[in-house]
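Source file: protein-v6.txt. Holds: compact mmCIF, C-alpha atoms.
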# COMPACT_ATOMS: atom_id res chain seq x y z
CA MET H 1 -1.51 -2.75 23.28
CA SER H 2 1.84 -1.94 24.86
CA SER H 3 3.86 0.97 23.47
CA HIS H 4 7.04 -0.87 24.45
CA PHE H 5 8.70 -3.21 22.02
CA THR H 6 11.88 -5.14 21.48
CA VAL H 7 13.89 -5.77 18.34
CA ARG H 8 15.70 -9.08 18.03
CA PRO H 9 17.16 -11.34 15.34
CA ALA H 10 14.51 -13.50 13.71
CA ARG H 11 14.63 -17.26 14.17
CA PRO H 12 13.35 -20.01 11.87
CA ALA H 13 10.45 -20.47 14.32
CA ASP H 14 9.33 -16.92 13.41
CA ALA H 15 8.61 -17.97 9.81
CA GLY H 16 4.82 -18.03 10.30
CA PRO H 17 4.49 -14.48 11.64
CA LEU H 18 7.08 -13.22 9.13
CA ALA H 19 5.15 -14.73 6.22
CA ALA H 20 1.92 -13.19 7.55
CA LEU H 21 3.61 -9.78 7.68
CA ARG H 22 4.95 -10.30 4.16
CA TRP H 23 1.42 -11.02 2.91
CA ALA H 24 0.07 -7.94 4.74
CA PHE H 25 2.89 -5.83 3.25
CA LYS H 26 2.23 -6.97 -0.31
CA HIS H 27 -1.55 -6.74 0.14
CA GLU H 28 -1.04 -3.10 1.19
CA ASP H 29 1.15 -2.54 -1.89
CA HIS H 30 -1.58 -3.99 -4.14
CA ALA H 31 -4.49 -2.03 -2.67
CA GLY H 32 -7.10 -1.40 -5.33
CA ARG H 33 -5.87 -4.21 -7.57
CA ASP H 34 -6.91 -7.87 -7.83
CA PRO H 35 -6.95 -8.97 -4.16
CA ALA H 36 -6.55 -12.69 -4.86
CA PRO H 37 -2.98 -13.79 -4.07
CA VAL H 38 -1.51 -16.26 -6.53
CA ASP H 39 0.86 -17.95 -4.08
CA PRO H 40 -0.25 -19.55 -0.81
CA PRO H 41 1.37 -18.22 2.38
CA ALA H 42 2.51 -21.77 3.29
CA GLU H 43 5.16 -21.54 0.56
CA ALA H 44 6.43 -18.29 2.08
CA VAL H 45 6.58 -19.87 5.54
CA GLN H 46 8.77 -22.68 4.23
CA TRP H 47 10.93 -20.30 2.15
CA ILE H 48 11.56 -18.03 5.16
CA ARG H 49 12.18 -20.94 7.54
CA ASP H 50 14.70 -22.53 5.17
CA ARG H 51 16.65 -19.33 4.55
CA LEU H 52 16.79 -18.29 8.20
CA ASP H 53 17.75 -21.84 9.18
CA HIS H 54 20.60 -21.96 6.65
CA GLY H 55 21.74 -18.37 7.26
CA THR H 56 21.42 -17.35 3.62
CA TRP H 57 19.10 -14.56 4.77
CA LEU H 58 19.02 -12.68 8.07
CA ALA H 59 16.04 -10.85 9.53
CA TRP H 60 15.08 -8.83 12.58
CA VAL H 61 11.67 -8.51 14.16
CA ALA H 62 9.96 -5.91 16.29
CA GLU H 63 7.65 -7.46 18.84
CA SER H 64 5.48 -6.46 21.75
CA ASP H 65 3.66 -8.73 24.18
CA GLY H 66 4.67 -11.75 22.08
CA GLU H 67 3.29 -10.29 18.84
CA VAL H 68 5.64 -9.73 15.89
CA PHE H 69 4.54 -6.49 14.23
CA GLY H 70 7.58 -5.41 12.23
CA GLN H 71 10.38 -6.95 10.20
CA VAL H 72 13.37 -6.25 8.01
CA PHE H 73 15.35 -8.78 5.96
CA LEU H 74 18.99 -8.71 4.90
CA HIS H 75 20.61 -10.79 2.18
CA LEU H 76 24.38 -10.92 1.94
CA VAL H 77 25.62 -10.49 -1.61
CA GLU H 78 29.11 -11.89 -1.99
CA LYS H 79 31.69 -10.22 -4.19
CA VAL H 80 34.09 -12.09 -6.42
CA PRO H 81 37.39 -12.14 -4.48
CA GLU H 82 40.03 -9.66 -5.53
CA PRO H 83 43.64 -9.21 -4.47
CA TYR H 84 43.39 -5.72 -2.99
CA GLY H 85 41.21 -6.47 0.00
CA ASP H 86 37.80 -5.10 -0.98
CA ASN H 87 36.05 -8.42 -0.50
CA ALA H 88 33.41 -7.53 2.09
CA PRO H 89 29.91 -8.47 0.92
CA LEU H 90 27.11 -6.05 0.22
CA GLY H 91 23.91 -6.19 2.22
CA TYR H 92 20.58 -6.06 0.38
CA VAL H 93 17.90 -4.68 2.72
CA THR H 94 14.36 -5.69 1.85
CA ASN H 95 10.94 -6.68 3.15
CA PHE H 96 10.98 -3.82 5.65
CA TYR H 97 7.50 -3.54 7.12
CA VAL H 98 5.77 -2.33 10.26
CA THR H 99 2.03 -2.84 10.67
CA PRO H 100 0.09 0.40 10.13
CA SER H 101 -1.14 0.62 13.73
CA ARG H 102 2.46 0.54 15.02
CA ARG H 103 4.04 3.02 12.59
CA ASN H 104 5.64 6.24 13.81
CA GLY H 105 6.42 4.70 17.19
CA GLY H 106 10.14 4.07 16.67
CA ALA H 107 10.01 0.43 15.59
CA GLY H 108 11.10 1.15 12.00
CA SER H 109 14.09 3.14 13.22
CA ALA H 110 14.97 0.41 15.70
CA LEU H 111 14.85 -2.25 12.97
CA LEU H 112 17.11 -0.20 10.67
CA THR H 113 19.48 0.46 13.57
CA ALA H 114 19.75 -3.30 14.18
CA VAL H 115 20.59 -3.94 10.52
CA ALA H 116 23.20 -1.15 10.49
CA ARG H 117 24.75 -2.44 13.72
CA TYR H 118 25.05 -5.89 12.17
CA ALA H 119 26.50 -4.43 8.94
CA ARG H 120 29.20 -2.57 10.84
CA SER H 121 30.16 -5.58 12.95
CA ALA H 122 30.13 -8.12 10.06
CA PRO H 123 31.61 -5.93 8.37
CA LEU H 124 29.69 -5.31 5.18
CA ASP H 125 30.85 -2.96 2.44
CA THR H 126 27.52 -1.23 1.79
CA LEU H 127 23.82 -1.61 2.46
CA VAL H 128 21.54 -1.18 -0.56
CA VAL H 129 17.79 -0.79 -0.71
CA TRP H 130 15.07 0.07 -3.20
CA PRO H 131 12.89 2.30 -1.01
CA SER H 132 9.24 3.04 -1.50
CA GLU H 133 8.09 6.63 -1.61
CA ARG H 134 6.79 6.20 1.95
CA SER H 135 9.97 4.62 3.35
CA ASP H 136 12.50 6.87 1.56
CA PRO H 137 12.54 9.60 4.27
CA LEU H 138 13.17 7.03 7.01
CA TYR H 139 16.06 5.45 5.12
CA ARG H 140 17.56 8.89 4.49
CA ARG H 141 17.30 9.76 8.21
CA HIS H 142 19.36 6.63 8.83
CA GLY H 143 22.12 7.71 6.45
CA PHE H 144 21.12 5.99 3.20
CA ARG H 145 22.04 8.12 0.18
CA PRO H 146 21.71 7.77 -3.60
CA PRO H 147 24.82 6.08 -5.02
CA GLU H 148 27.35 7.97 -7.07
CA GLU H 149 27.64 5.07 -9.48
CA LEU H 150 24.86 2.67 -10.27
CA LEU H 151 23.43 1.38 -13.45
CA GLU H 152 20.59 -1.04 -13.88
CA LEU H 153 19.19 -3.00 -16.75
CA PRO H 154 15.52 -3.80 -16.25
CA ILE H 155 14.77 -7.14 -17.83
CA ASP H 156 11.38 -7.05 -19.53
CA THR H 157 9.65 -10.37 -19.74
Would you write the structure of this file as structure tokens?
Amino acid sequence: MSSHFTVRPARPADAGPLAALRWAFKHEDHAGRDPAPVDPPAEAVQWIRDRLDHGTWLAWVAESDGEVFGQVFLHLVEKVPEPYGDNAPLGYVTNFYVTPSRRNGGAGSALLTAVARYARSAPLDTLVVWPSERSDPLYRRHGFRPPEELLELPIDT
């Protein structure tokens, strides 16, 4: 396996590998629990392909020797227009994952750098993320900080 990698914007044709990484990511999150997924990966492939194709979601991949081994997704959250110019959308960062064998090799940092570069050029107002305990230090190294103002209302179903 090569230690070199590239980071590039994801394309709709990447939907298969991206869905496979999503399933690996969630399987890792559910370790020790019921291992039977309830949704087939084919639905995720179509969902990802559609959103990348229509531009409603953006994503970046880390790849080496033709193998996609890392990803990060970005969803643009529009604001209601207002007259004083603060109309730039927010960016919701999610589905950030690097396969375990490729962690701590710089791919995660490179993926976050690509998202931040896009956010600055777009320009976006803010990037938001709900980090895991494991990913929190990486996000903080890249400048993510707890917000001064944020409230949430969990909706119990």
Determine the nearest neighbour of Glu28 of chain H from the options H:Val80, H:Val98, H:Ile155, H:Leu74, counting all atoms listed in the file.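 Looking only at the distances to Glu28 of chain H, the closest residue turns out to be H:Val98.
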Would you tabulate, counting only C-alpha atoms, all residues of segment 27-117 of chain H that have an atom at most 7 Å from an atom of segment 15-22 of chain H, showing the closest pair of atoms and their distance in Å to one decimal, sorted by chain then ascending number, as CSV?
residue,atom,partner,partner_atom,distance
H:Pro41,CA,H:Ala19,CA,6.4
H:Ala44,CA,H:Ala19,CA,5.6
H:Val45,CA,H:Ala15,CA,5.1
H:Ile48,CA,H:Ala15,CA,5.5
H:Arg49,CA,H:Ala15,CA,5.2
H:Val68,CA,H:Pro17,CA,6.5
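Shown here are all protein and nucleic acid residues lying within 12 Å of (8.5, 7.7, 13.3), with all atoms listed in the file considered: Val98, Pro100, Ser101, Arg102, Arg103, Asn104, Gly105, Gly106, Ala107, Gly108, Ser109, Ala110, Leu111, Leu112, Arg134, Ser135, Pro137, Leu138, Tyr139, Arg141 and His142 of chain H.
With only C-alpha atoms as the atoms that count, the residue of H:Phe144, H:Leu76, H:Thr56, H:Trp130 with the shortest distance to Thr113 of chain H is H:Phe144.
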Using Å and a single decimal, report how far atom CA of Phe69 of chain H sits from atom CA of His4 of chain H. 11.9 Å
What is the atom CA of Tyr92 of chain H to atom CA of Gln71 of chain H distance in Å?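 Going from atom CA of Tyr92 of chain H over to atom CA of Gln71 of chain H, I get 14.2 Å.
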Nearest-residue call for Glu78 of chain H, choices H:Asp29, H:Asp156, H:Asp136, H:Asp125, using only C-alpha atoms: H:Asp125
As a PDB file with C-alpha atoms, keeping the file's coordinate frame, please: the residues near Lys26 of chain H (cut-off 10 Å, all atoms listed in the file, same-chain neighbours under 4 positions excluded).
ATOM      1  CA  LEU H  21       3.610  -9.780   7.680  1.00  0.00           C
ATOM      2  CA  ARG H  22       4.950 -10.300   4.160  1.00  0.00           C
ATOM      3  CA  HIS H  30      -1.580  -3.990  -4.140  1.00  0.00           C
ATOM      4  CA  ALA H  31      -4.490  -2.030  -2.670  1.00  0.00           C
ATOM      5  CA  PRO H  37      -2.980 -13.790  -4.070  1.00  0.00           C
ATOM      6  CA  ASN H  95      10.940  -6.680   3.150  1.00  0.00           C
ATOM      7  CA  TYR H  97       7.500  -3.540   7.120  1.00  0.00           C
TER       8      TYR H  97
END
6 Å contact set for segment 8-11 of chain H, all atoms listed in the file, chain neighbours under 3 positions out, as a ChimeraX atom specification: /H:14,59-61
How many Å separate atom CA of Arg51 of chain H from atom CA of Glu152 of chain H?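 Taking atom CA of Arg51 of chain H as the start and atom CA of Glu152 of chain H as the end point, the length is 26.3 Å.
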Anything within 8 Å of (10.8, -6.8, 21.3): list those residues as a ChimeraX atom specification, counting all atoms listed in the file and sticking to the file's coordinates. /H:4-8,61-66
Considering all atoms listed in the file, state which residue in the set H:Leu58, H:Asp50, H:Pro131, H:Glu43 is at the smallest distance from Phe73 of chain H. H:Leu58
